[in-house]
Amino acid sequence: MLHIPLWRRILIVLVCLAGIVFALPNAFYDRVERHNDAAAAGEADAGWPDWLPNDLVNLGLDLRGGAHLVAEVQVEDVYASRMDALWPDVRDALAAERDTLGFVTRVEDGPADVLRVQVSNAEQAQRAAEIVRGLARPVSSLSAAGASDLVVSVSGGVVSVQLSEAERAATDNRTVQQALEIVRRRIDEVGTREPTIARQGEDRILVQVPGVGSAQEVKDIIGTTAQLTFNPVIRTTQDPEADPGIGNMLVPDVGGTGLYYVLERAPVVTGDELTDAQPSFDQNSNPAVSFRFDPTGARAFGDYTAQNIGEPFAIVLDNEVISAPVIQSHIPGGSGIITGQFTVEESTNLAVLLRAGALPAELTFLEERTIGPELGQDSIDAGSVAGIVGLVAVIFFMVATYGLFGVFGSIALLINVALLIAVLSVIGGTLTLPGIAGIVLTMGMAVDANVLVFERIREELKTARGPARAIELGYEKALSAIVDSNFTTFMTAVILFALGAGPVRGFAITLGLGILTSVFTAIFVTRLMIVIWYNRRRPRTIEV
Amino acid sequence: MRLRLVPDQTNINFFRAARITFGASVVAMIASVIVFFAMGLNYGIDFTGGTTIRTDSPTAVDVGEYRAALTPLELGDVAVTQVFDPSFDADQHVASVRIQTQEGQEAITQSTISRVQAALQAVDPEITFTSVESVGPKVSGELVLTAVLAVGGALAAICFYIWLRFEWQFAMGALAALLHDVVITIGVFSLLQIRFDLAIIAALLTIVGYSINDTVVVFDRARENLRKFKTMPLIDVLNLSANETLSRTVMTSGTTLIALIALLVLGGDVIRGFVFAITFGIVIGTYSSIYVAKNIVLMLGVKRDWSKEAGSKVKGKYADIDA
């Protein structure tokens with residue numbers, strides 16, 4: 001006899017009810033979104049009751065509009081700066097044995113990620129290499145524990161130093177993590193809604209910001225490294241080809257004025273030592289940025305200003321001198337102000353960049369997409385109309401073919417769509433335009449499991465003893481076909497999810513979830529409806 | 001009165017025209033390969049790199065004027081196409097401008113995009129840019145690899161599963177049917193020069209998923225009938241199975257097609273290529289599971305000594321699943 005235990009009936013009904021309740025907020029998308037925004041801001045909003053679920057399906061950028069960028073972190077940048085930082089240590093260590101080694105000079109040409117040192121007593125180069133090896137430290141990563149961070153080699157009188165493979169890998173990882181963190185901070189500072197900032201692969205960062213008008217706006221915020229340094233000025237020149245001399249560098253003035261500064265390469269203080277930066281105004285009410293150093297920075301800055309009163313020093317941002325004031329007096333407190341030809345907006349942006357910290361390496365943008373919000377809305381409208389038309393047509397077709405059983409199948413189909421939307425909302429899945437296509441496709445395919453069962457019941461009715469037995473056999477025998485066919489489709493959805501990105505992944509999620517929910521509704525929900533109906537009516541014959 | 005798409009009792013001999021149908025499939029596949037090599041695919045920027053800009057304007061689009069405005073910028077290959085769709089408003093005129101990757105640039109430069117936008121704005125001051133998408137050559141190269149891996153991986157995984165659950169002959173039949181569907185769909189995309197981008201790969205995988213779904217249903221029935229009628233010739237078993245499942249095949253394909261056609265007509269131009277691929281694939285996938293997959297199984301033959309344990313194992317595995 002057809003029997004489903006009470007606990008199982010209750011469970012099935014509960015799952016369906018939960019599906020409907022959790023899908024419900026999406027029917028009032030704008031209202032719930034306002035409520036959630038208000039709640040996030042700590043305010044109350046009466047538009048949506050608090051006791052109802054308020055999770056919504058995230059709309060993908062292709063539906064909501066916004067910017068999508070993929071940036072590559074130029075991890076090699078860090079190798080060069082590590083070598084620059086290593087040079088003073090190498091110089092000091094070798095200088096201690098000047099008697100045997102003679103003079104040491106840095107060879108400036110050649111790749112930036114190799115530190116090359118010329119030893120004047122060429123036959124002692126091996127000894128010099130040994131000393132440099134003494135400066136190496138173990139790599140700080142689990143996978144390469146114990147490996148040295150430097151590789152030192154000798155050719156002629158030149159000692160070459162570079163980072164070891166293991167150290168590079170560890171550095172790359174750190175650099176990308178750091179860049180990711182800084183991009184996140186910069187975007188959060190600007191305060192847009194629900195940005196996605198994620199690491200992608202080895203050295204990429206994916207940034208998705210809904211609601212912005214163009215990818216350029218996002219690039220303006222995250223694209224600059226914001227490497228701030230304060231360097232001593234040696235002289236100024238008009239000649240862009242001027243030879244700055246060893247240990248110095250040539251940096252252009254920010255305005256493109258044709259003025260160049262020869263600066264000492266080693267900075268007095270860097271942006272890393274800032275604790276705060278705020279937009280403000282100078283004495284003449286021009287926009288400026290005021291800043292404060294941390295204790296080490298403050299001490300270094302204080303000492304330097306005390307010793308160099310009357311001398312100019314340069315404030316350098318991303319290899320451009322934004323201003324070069326003359327030190328008027330000793331600045332002990334570690335705070336100061338950057339003036340320059342700023343607009344208010346520029347000074348605000350600069351303050352944001354300085355607060356968030358400098359990017360450890362430059363970013364190159366490999367992919368950028370901007371979708372206008374109108375286009376997204378058009379897609380939503382078109383997708384919903386198509387979805388509703390499709391749904392009505394499928395229901396009509398089902399009822400016309402299977403009569404009452406078709407009605408059961410159609411109710412299950414509606415529950416299926418509700419469950420799918422509910423799961424998407426609760427797990428925070430993203431609905432993309434191909435995702436809408438996935439839902440429409442699932443509607444078509446969701447009836448498949450029901451169709452398999454109904455067709456089987458029809459067949460069994462011809463041979464089996466009575467309708468109850470036919471229904472039971474129909475379910476039993478259709479099961480292997482349902483499981484095998486849906487499992488293979490589910491596998492393709494998983495592969496799509498694993499390999500796809502963005503919109504394609506959105507499609508894979510809806511397709512995969514759709515398969516799960518449709519199998520659930522077909523073998524549990526429709527069956528429950530049929531069994532309840534059958535046990536009430538006890539028909540002698542049934543027509544499917 | 002019930003709708004009956006297929007009579008309750010059918011006895012169609014699907015192998016009667018086996019030579020013709022199978023021959024047609026082979027010819028179509030060869031033709032697809034030839035078309036693919038002769039005409040190539042109209043790859044989107046996902047695979048070639050470059051920039052596409054979608055414009056929207058209340059004034060009518062003059063493709064020639066757009067092109068003339070962009071020529072002086074010397075951007076190399078620039079394609080301007082007007083987009084039509086029934087869902088557009090009367091005063092909505094949409095065009096798509098595509099620019100190739102600029103020589104020697106790994107990343108996208110905003111200045112190029114700005115110059116294009118300025119040139120178009122000079123032609124039509126009311127123009128707006130509803131979407132701007134740029135993909136660098138580095139990413140596009142990887143996307144090609146990913147796409148090939150995705151399709152290949154899906155085919156392999158499916159074959160393996162079918163081989164586990166059925167016999168290897170069935171796996172071969174399924175593989176042939178899937179290759180048939182994928183190859184011919186790509187051939188049609190090449191012939192009609194519909195833009196081929198990452199979404200189309202997703203569509204191909206969906207076709208693979210759907211087609212295998214269909215094939216498995218027929219195979220499942222064949223497996224059952226092989227056990228039930230131990231002495232019936234293989235050709236009759238396969239025919240019987242196809243006839244028994246025909247009603248279901250038509251019904252499921254029908255409902256899926258109805259939903260997809262609604263999407264094809266009303267879903268907007270942005271996903272039309274994607275939906276077209278799936279719709280076409282459903283039709284060809286249904287065909288291939290009836291006419292291709294079974295033919296291969298018939299050619300390869302199936303060993304008939306289905307042992308009792310094999311049968312009871314399957315039953316034991318699922319008999320306890322009960323509502």
# chains A, B, ... in the order shown; residues from 1 in each chain; ligands from 1
call {"tool": "select_by_dssp", "arguments": {"residues": "region 227-373 of chain A", "states": "strand (DSSP E or B)", "output": "ChimeraX atom specification"}}
result
/A:228-237,248-253,260-264,269-270,274-281,287-293,312-317,320-323,326,335-339,363-371
call {"tool": "closest_atom_pairs", "arguments": {"of": "chain B", "to": "chain A", "cutoff": "7 Å", "atoms": "only C-alpha atoms", "output": "JSON lines"}}
result
{"residue": "B:Arg2", "atom": "CA", "partner": "A:Thr401", "partner_atom": "CA", "distance": 5.3}
{"residue": "B:Leu3", "atom": "CA", "partner": "A:Thr401", "partner_atom": "CA", "distance": 4.5}
{"residue": "B:Arg4", "atom": "CA", "partner": "A:Thr401", "partner_atom": "CA", "distance": 6.4}
{"residue": "B:Ala107", "atom": "CA", "partner": "A:Leu366", "partner_atom": "CA", "distance": 5.0}
{"residue": "B:Ile108", "atom": "CA", "partner": "A:Phe365", "partner_atom": "CA", "distance": 6.6}
{"residue": "B:Thr130", "atom": "CA", "partner": "A:Gly372", "partner_atom": "CA", "distance": 4.5}
{"residue": "B:Ser131", "atom": "CA", "partner": "A:Ile371", "partner_atom": "CA", "distance": 4.3}
{"residue": "B:Val132", "atom": "CA", "partner": "A:Thr370", "partner_atom": "CA", "distance": 5.0}
{"residue": "B:Glu133", "atom": "CA", "partner": "A:Arg369", "partner_atom": "CA", "distance": 4.0}
{"residue": "B:Ser134", "atom": "CA", "partner": "A:Glu368", "partner_atom": "CA", "distance": 5.1}
{"residue": "B:Val135", "atom": "CA", "partner": "A:Glu367", "partner_atom": "CA", "distance": 4.3}
{"residue": "B:Gly136", "atom": "CA", "partner": "A:Leu366", "partner_atom": "CA", "distance": 4.9}
{"residue": "B:Val139", "atom": "CA", "partner": "A:Leu366", "partner_atom": "CA", "distance": 6.5}
{"residue": "B:Thr146", "atom": "CA", "partner": "A:Leu499", "partner_atom": "CA", "distance": 6.4}
{"residue": "B:Ala150", "atom": "CA", "partner": "A:Leu499", "partner_atom": "CA", "distance": 6.4}
{"residue": "B:Ala154", "atom": "CA", "partner": "A:Thr492", "partner_atom": "CA", "distance": 5.6}
{"residue": "B:Ile158", "atom": "CA", "partner": "A:Thr488", "partner_atom": "CA", "distance": 6.0}
{"residue": "B:Ala199", "atom": "CA", "partner": "A:Val504", "partner_atom": "CA", "distance": 6.2}
{"residue": "B:Ala202", "atom": "CA", "partner": "A:Val504", "partner_atom": "CA", "distance": 6.3}
{"residue": "B:Leu205", "atom": "CA", "partner": "A:Thr492", "partner_atom": "CA", "distance": 6.4}
{"residue": "B:Gly209", "atom": "CA", "partner": "A:Thr489", "partner_atom": "CA", "distance": 4.3}
{"residue": "B:Tyr210", "atom": "CA", "partner": "A:Thr489", "partner_atom": "CA", "distance": 6.5}
{"residue": "B:Ile212", "atom": "CA", "partner": "A:Ser485", "partner_atom": "CA", "distance": 6.9}
{"residue": "B:Asn213", "atom": "CA", "partner": "A:Ser485", "partner_atom": "CA", "distance": 4.3}
{"residue": "B:Val216", "atom": "CA", "partner": "A:Ser485", "partner_atom": "CA", "distance": 5.5}
{"residue": "B:Val217", "atom": "CA", "partner": "A:Ala481", "partner_atom": "CA", "distance": 5.3}
{"residue": "B:Asp220", "atom": "CA", "partner": "A:Ala481", "partner_atom": "CA", "distance": 5.7}
{"residue": "B:Arg248", "atom": "CA", "partner": "A:Val451", "partner_atom": "CA", "distance": 6.1}
{"residue": "B:Thr252", "atom": "CA", "partner": "A:Asp448", "partner_atom": "CA", "distance": 5.4}
{"residue": "B:Thr255", "atom": "CA", "partner": "A:Gly444", "partner_atom": "CA", "distance": 5.1}
{"residue": "B:Thr256", "atom": "CA", "partner": "A:Gly444", "partner_atom": "CA", "distance": 3.7}
{"residue": "B:Ile258", "atom": "CA", "partner": "A:Gly390", "partner_atom": "CA", "distance": 6.3}
{"residue": "B:Ala259", "atom": "CA", "partner": "A:Gly390", "partner_atom": "CA", "distance": 4.1}
{"residue": "B:Leu260", "atom": "CA", "partner": "A:Leu441", "partner_atom": "CA", "distance": 6.6}
{"residue": "B:Ala262", "atom": "CA", "partner": "A:Ala386", "partner_atom": "CA", "distance": 5.2}
{"residue": "B:Leu263", "atom": "CA", "partner": "A:Ala386", "partner_atom": "CA", "distance": 4.8}
{"residue": "B:Leu266", "atom": "CA", "partner": "A:Ala386", "partner_atom": "CA", "distance": 5.3}
{"residue": "B:Gly267", "atom": "CA", "partner": "A:Ala382", "partner_atom": "CA", "distance": 4.6}
{"residue": "B:Gly268", "atom": "CA", "partner": "A:Ala382", "partner_atom": "CA", "distance": 5.7}
{"residue": "B:Ala323", "atom": "CA", "partner": "A:Phe524", "partner_atom": "CA", "distance": 5.7}
call {"tool": "residues_around", "arguments": {"residues": "region 181-193 of chain B", "least_positions_apart": "2", "cutoff": "8 Å", "atoms": "only C-alpha atoms", "output": "PyMOL selection string"}}
result
chain B and resi 28-29+31-33+35-36+39-42+177-179+195-196+204+207-208+211+277+280-281+284-285+288
call {"tool": "residues_around", "arguments": {"residues": "region 279-296 of chain A", "least_positions_apart": "5", "cutoff": "8 Å", "atoms": "only C-alpha atoms", "output": "ChimeraX atom specification"}}
result
/A:273-274,334-344,347-348,350-351
call {"tool": "write_last_selection", "arguments": {"atoms": "N, CA, C and O atoms", "output": "PDB file, in the first residue's frame"}}
result
ATOM      1  N   GLU A 273      55.494  54.642   7.368  1.00  0.00           N
ATOM      2  CA  GLU A 273      55.600  55.100   8.752  1.00  0.00           C
ATOM      3  C   GLU A 273      54.519  56.120   9.109  1.00  0.00           C
ATOM      4  O   GLU A 273      54.554  56.723  10.173  1.00  0.00           O
ATOM      5  N   LEU A 274      53.562  56.296   8.204  1.00  0.00           N
ATOM      6  CA  LEU A 274      52.449  57.208   8.506  1.00  0.00           C
ATOM      7  C   LEU A 274      51.431  56.504   9.381  1.00  0.00           C
ATOM      8  O   LEU A 274      51.169  55.320   9.202  1.00  0.00           O
ATOM      9  N   GLY A 334      56.419  65.025  14.623  1.00  0.00           N
ATOM     10  CA  GLY A 334      56.105  63.951  13.693  1.00  0.00           C
ATOM     11  C   GLY A 334      54.830  64.173  12.903  1.00  0.00           C
ATOM     12  O   GLY A 334      54.295  63.247  12.336  1.00  0.00           O
ATOM     13  N   SER A 335      54.353  65.405  12.875  1.00  0.00           N
ATOM     14  CA  SER A 335      53.207  65.644  12.017  1.00  0.00           C
ATOM     15  C   SER A 335      53.538  66.789  11.073  1.00  0.00           C
ATOM     16  O   SER A 335      54.425  67.604  11.346  1.00  0.00           O
ATOM     17  N   GLY A 336      52.863  66.823   9.949  1.00  0.00           N
ATOM     18  CA  GLY A 336      53.173  67.851   8.971  1.00  0.00           C
ATOM     19  C   GLY A 336      52.051  67.976   7.960  1.00  0.00           C
ATOM     20  O   GLY A 336      50.976  67.390   8.121  1.00  0.00           O
ATOM     21  N   ILE A 337      52.307  68.727   6.935  1.00  0.00           N
ATOM     22  CA  ILE A 337      51.273  68.975   5.949  1.00  0.00           C
ATOM     23  C   ILE A 337      51.912  68.944   4.571  1.00  0.00           C
ATOM     24  O   ILE A 337      53.043  69.419   4.395  1.00  0.00           O
ATOM     25  N   ILE A 338      51.232  68.313   3.616  1.00  0.00           N
ATOM     26  CA  ILE A 338      51.733  68.293   2.248  1.00  0.00           C
ATOM     27  C   ILE A 338      50.923  69.300   1.452  1.00  0.00           C
ATOM     28  O   ILE A 338      49.691  69.209   1.408  1.00  0.00           O
ATOM     29  N   THR A 339      51.603  70.260   0.890  1.00  0.00           N
ATOM     30  CA  THR A 339      50.889  71.197   0.032  1.00  0.00           C
ATOM     31  C   THR A 339      51.320  70.950  -1.390  1.00  0.00           C
ATOM     32  O   THR A 339      52.354  70.360  -1.662  1.00  0.00           O
ATOM     33  N   GLY A 340      50.514  71.419  -2.315  1.00  0.00           N
ATOM     34  CA  GLY A 340      50.820  71.215  -3.715  1.00  0.00           C
ATOM     35  C   GLY A 340      49.677  71.792  -4.502  1.00  0.00           C
ATOM     36  O   GLY A 340      48.808  72.466  -3.933  1.00  0.00           O
ATOM     37  N   GLN A 341      49.643  71.541  -5.790  1.00  0.00           N
ATOM     38  CA  GLN A 341      48.567  72.111  -6.598  1.00  0.00           C
ATOM     39  C   GLN A 341      47.380  71.139  -6.578  1.00  0.00           C
ATOM     40  O   GLN A 341      47.045  70.558  -7.595  1.00  0.00           O
ATOM     41  N   PHE A 342      46.752  70.952  -5.412  1.00  0.00           N
ATOM     42  CA  PHE A 342      45.667  69.978  -5.310  1.00  0.00           C
ATOM     43  C   PHE A 342      44.316  70.625  -5.544  1.00  0.00           C
ATOM     44  O   PHE A 342      44.118  71.793  -5.202  1.00  0.00           O
ATOM     45  N   THR A 343      43.374  69.851  -6.066  1.00  0.00           N
ATOM     46  CA  THR A 343      41.975  70.217  -5.918  1.00  0.00           C
ATOM     47  C   THR A 343      41.507  69.542  -4.630  1.00  0.00           C
ATOM     48  O   THR A 343      42.214  68.671  -4.095  1.00  0.00           O
ATOM     49  N   VAL A 344      40.316  69.903  -4.159  1.00  0.00           N
ATOM     50  CA  VAL A 344      39.810  69.305  -2.932  1.00  0.00           C
ATOM     51  C   VAL A 344      39.687  67.790  -3.099  1.00  0.00           C
ATOM     52  O   VAL A 344      40.055  67.009  -2.232  1.00  0.00           O
ATOM     53  N   SER A 347      43.035  66.035  -2.976  1.00  0.00           N
ATOM     54  CA  SER A 347      43.602  65.938  -1.635  1.00  0.00           C
ATOM     55  C   SER A 347      42.866  64.867  -0.821  1.00  0.00           C
ATOM     56  O   SER A 347      43.472  64.136  -0.040  1.00  0.00           O
ATOM     57  N   THR A 348      41.544  64.753  -1.049  1.00  0.00           N
ATOM     58  CA  THR A 348      40.792  63.705  -0.350  1.00  0.00           C
ATOM     59  C   THR A 348      41.282  62.323  -0.785  1.00  0.00           C
ATOM     60  O   THR A 348      41.529  61.444   0.031  1.00  0.00           O
ATOM     61  N   LEU A 350      44.148  61.512  -2.106  1.00  0.00           N
ATOM     62  CA  LEU A 350      45.515  61.271  -1.654  1.00  0.00           C
ATOM     63  C   LEU A 350      45.518  60.831  -0.195  1.00  0.00           C
ATOM     64  O   LEU A 350      46.250  59.918   0.189  1.00  0.00           O
ATOM     65  N   ALA A 351      44.668  61.485   0.601  1.00  0.00           N
ATOM     66  CA  ALA A 351      44.589  61.111   2.014  1.00  0.00           C
ATOM     67  C   ALA A 351      44.136  59.663   2.157  1.00  0.00           C
ATOM     68  O   ALA A 351      44.690  58.897   2.945  1.00  0.00           O
TER      69      ALA A 351
END
call {"tool": "residues_around", "arguments": {"residues": "Pro58 (chain B)", "least_positions_apart": "6", "cutoff": "8 Å", "atoms": "only C-alpha atoms", "output": "PyMOL selection string"}}
result
chain B and resi 91-93+126-127
call {"tool": "write_last_selection", "arguments": {"atoms": "N, CA and C atoms", "output": "PDB file, in the first residue's frame"}}
result
ATOM      1  N   ASP B  91      12.744  54.307 -29.763  1.00  0.00           N
ATOM      2  CA  ASP B  91      13.831  55.266 -30.007  1.00  0.00           C
ATOM      3  C   ASP B  91      15.157  54.775 -29.412  1.00  0.00           C
ATOM      4  N   GLN B  92      15.305  53.464 -29.351  1.00  0.00           N
ATOM      5  CA  GLN B  92      16.541  52.911 -28.804  1.00  0.00           C
ATOM      6  C   GLN B  92      17.344  52.298 -29.945  1.00  0.00           C
ATOM      7  N   HIS B  93      18.524  52.849 -30.175  1.00  0.00           N
ATOM      8  CA  HIS B  93      19.347  52.343 -31.266  1.00  0.00           C
ATOM      9  C   HIS B  93      20.676  51.895 -30.693  1.00  0.00           C
ATOM     10  N   GLU B 126      24.273  62.457 -28.275  1.00  0.00           N
ATOM     11  CA  GLU B 126      23.355  61.841 -27.310  1.00  0.00           C
ATOM     12  C   GLU B 126      23.735  60.401 -26.962  1.00  0.00           C
ATOM     13  N   ILE B 127      24.820  59.938 -27.529  1.00  0.00           N
ATOM     14  CA  ILE B 127      25.201  58.534 -27.378  1.00  0.00           C
ATOM     15  C   ILE B 127      25.595  58.232 -25.921  1.00  0.00           C
TER      16      ILE B 127
END
call {"tool": "residues_around", "arguments": {"residues": "region 82-87 of chain B", "least_positions_apart": "3", "cutoff": "7 Å", "atoms": "only C-alpha atoms", "output": "number ranges by chain"}}
result
B: 63, 94-96, 266, 268-269
call {"tool": "write_last_selection", "arguments": {"atoms": "C-alpha atoms", "output": "JSON list (two decimals), in the first residue's frame"}}
result
[["chain", "number", "residue", "atom", "x", "y", "z"],
["B", 63, "VAL", "CA", 27.28, 52.32, -39.03],
["B", 94, "VAL", "CA", 22.10, 50.04, -30.17],
["B", 95, "ALA", "CA", 25.41, 49.31, -31.81],
["B", 96, "SER", "CA", 28.44, 47.29, -30.87],
["B", 266, "LEU", "CA", 11.98, 37.55, -25.22],
["B", 268, "GLY", "CA", 17.09, 40.16, -25.01],
["B", 269, "ASP", "CA", 20.01, 40.26, -27.39]]
call {"tool": "select_by_dssp", "arguments": {"residues": "region 357-538 of chain A", "states": "alpha helix (DSSP H)", "output": "ChimeraX atom specification"}}
result
/A:373-402,404-426,433-463,466-499,502-520,527-537
call {"tool": "residues_around", "arguments": {"residues": "region 23-34 of chain A", "least_positions_apart": "4", "cutoff": "8 Å", "atoms": "only C-alpha atoms", "output": "list in words"}}
result
Gly19, Ala38, Asp45, Gly47, Trp48, Pro53, Asn54, Asp55, Leu56, Val57, Ala418, Leu419, Ile421, Ala422, Val423 and Ser425 of chain A
call {"tool": "atom_distance", "arguments": {"atom1": "CA of Leu473 (chain A)", "atom2": "CA of Ala242 (chain B)"}}
result
20.0 Å
call {"tool": "closest_residue", "arguments": {"among": "B:Ile113, B:Val26, B:Ala122, B:Leu198", "to": "Asp46 (chain B)", "atoms": "only C-alpha atoms"}}
result
B:Leu198
call {"tool": "closest_residue", "arguments": {"among": "B:Ala18, B:Gln110, B:Arg223, B:Ala68", "to": "Glu167 (chain B)", "atoms": "only C-alpha atoms"}}
result
B:Arg223
call {"tool": "atom_distance", "arguments": {"atom1": "CA of Trp7 (chain A)", "atom2": "CA of Asn535 (chain A)"}}
result
17.2 Å
call {"tool": "atom_distance", "arguments": {"atom1": "CA of Ala169 (chain A)", "atom2": "CA of Pro111 (chain A)"}}
result
18.8 Å
call {"tool": "closest_residue", "arguments": {"among": "A:Gly357, A:Gly310, A:Gly474, A:Gly409", "to": "Leu461 (chain A)", "atoms": "only C-alpha atoms"}}
result
A:Gly474
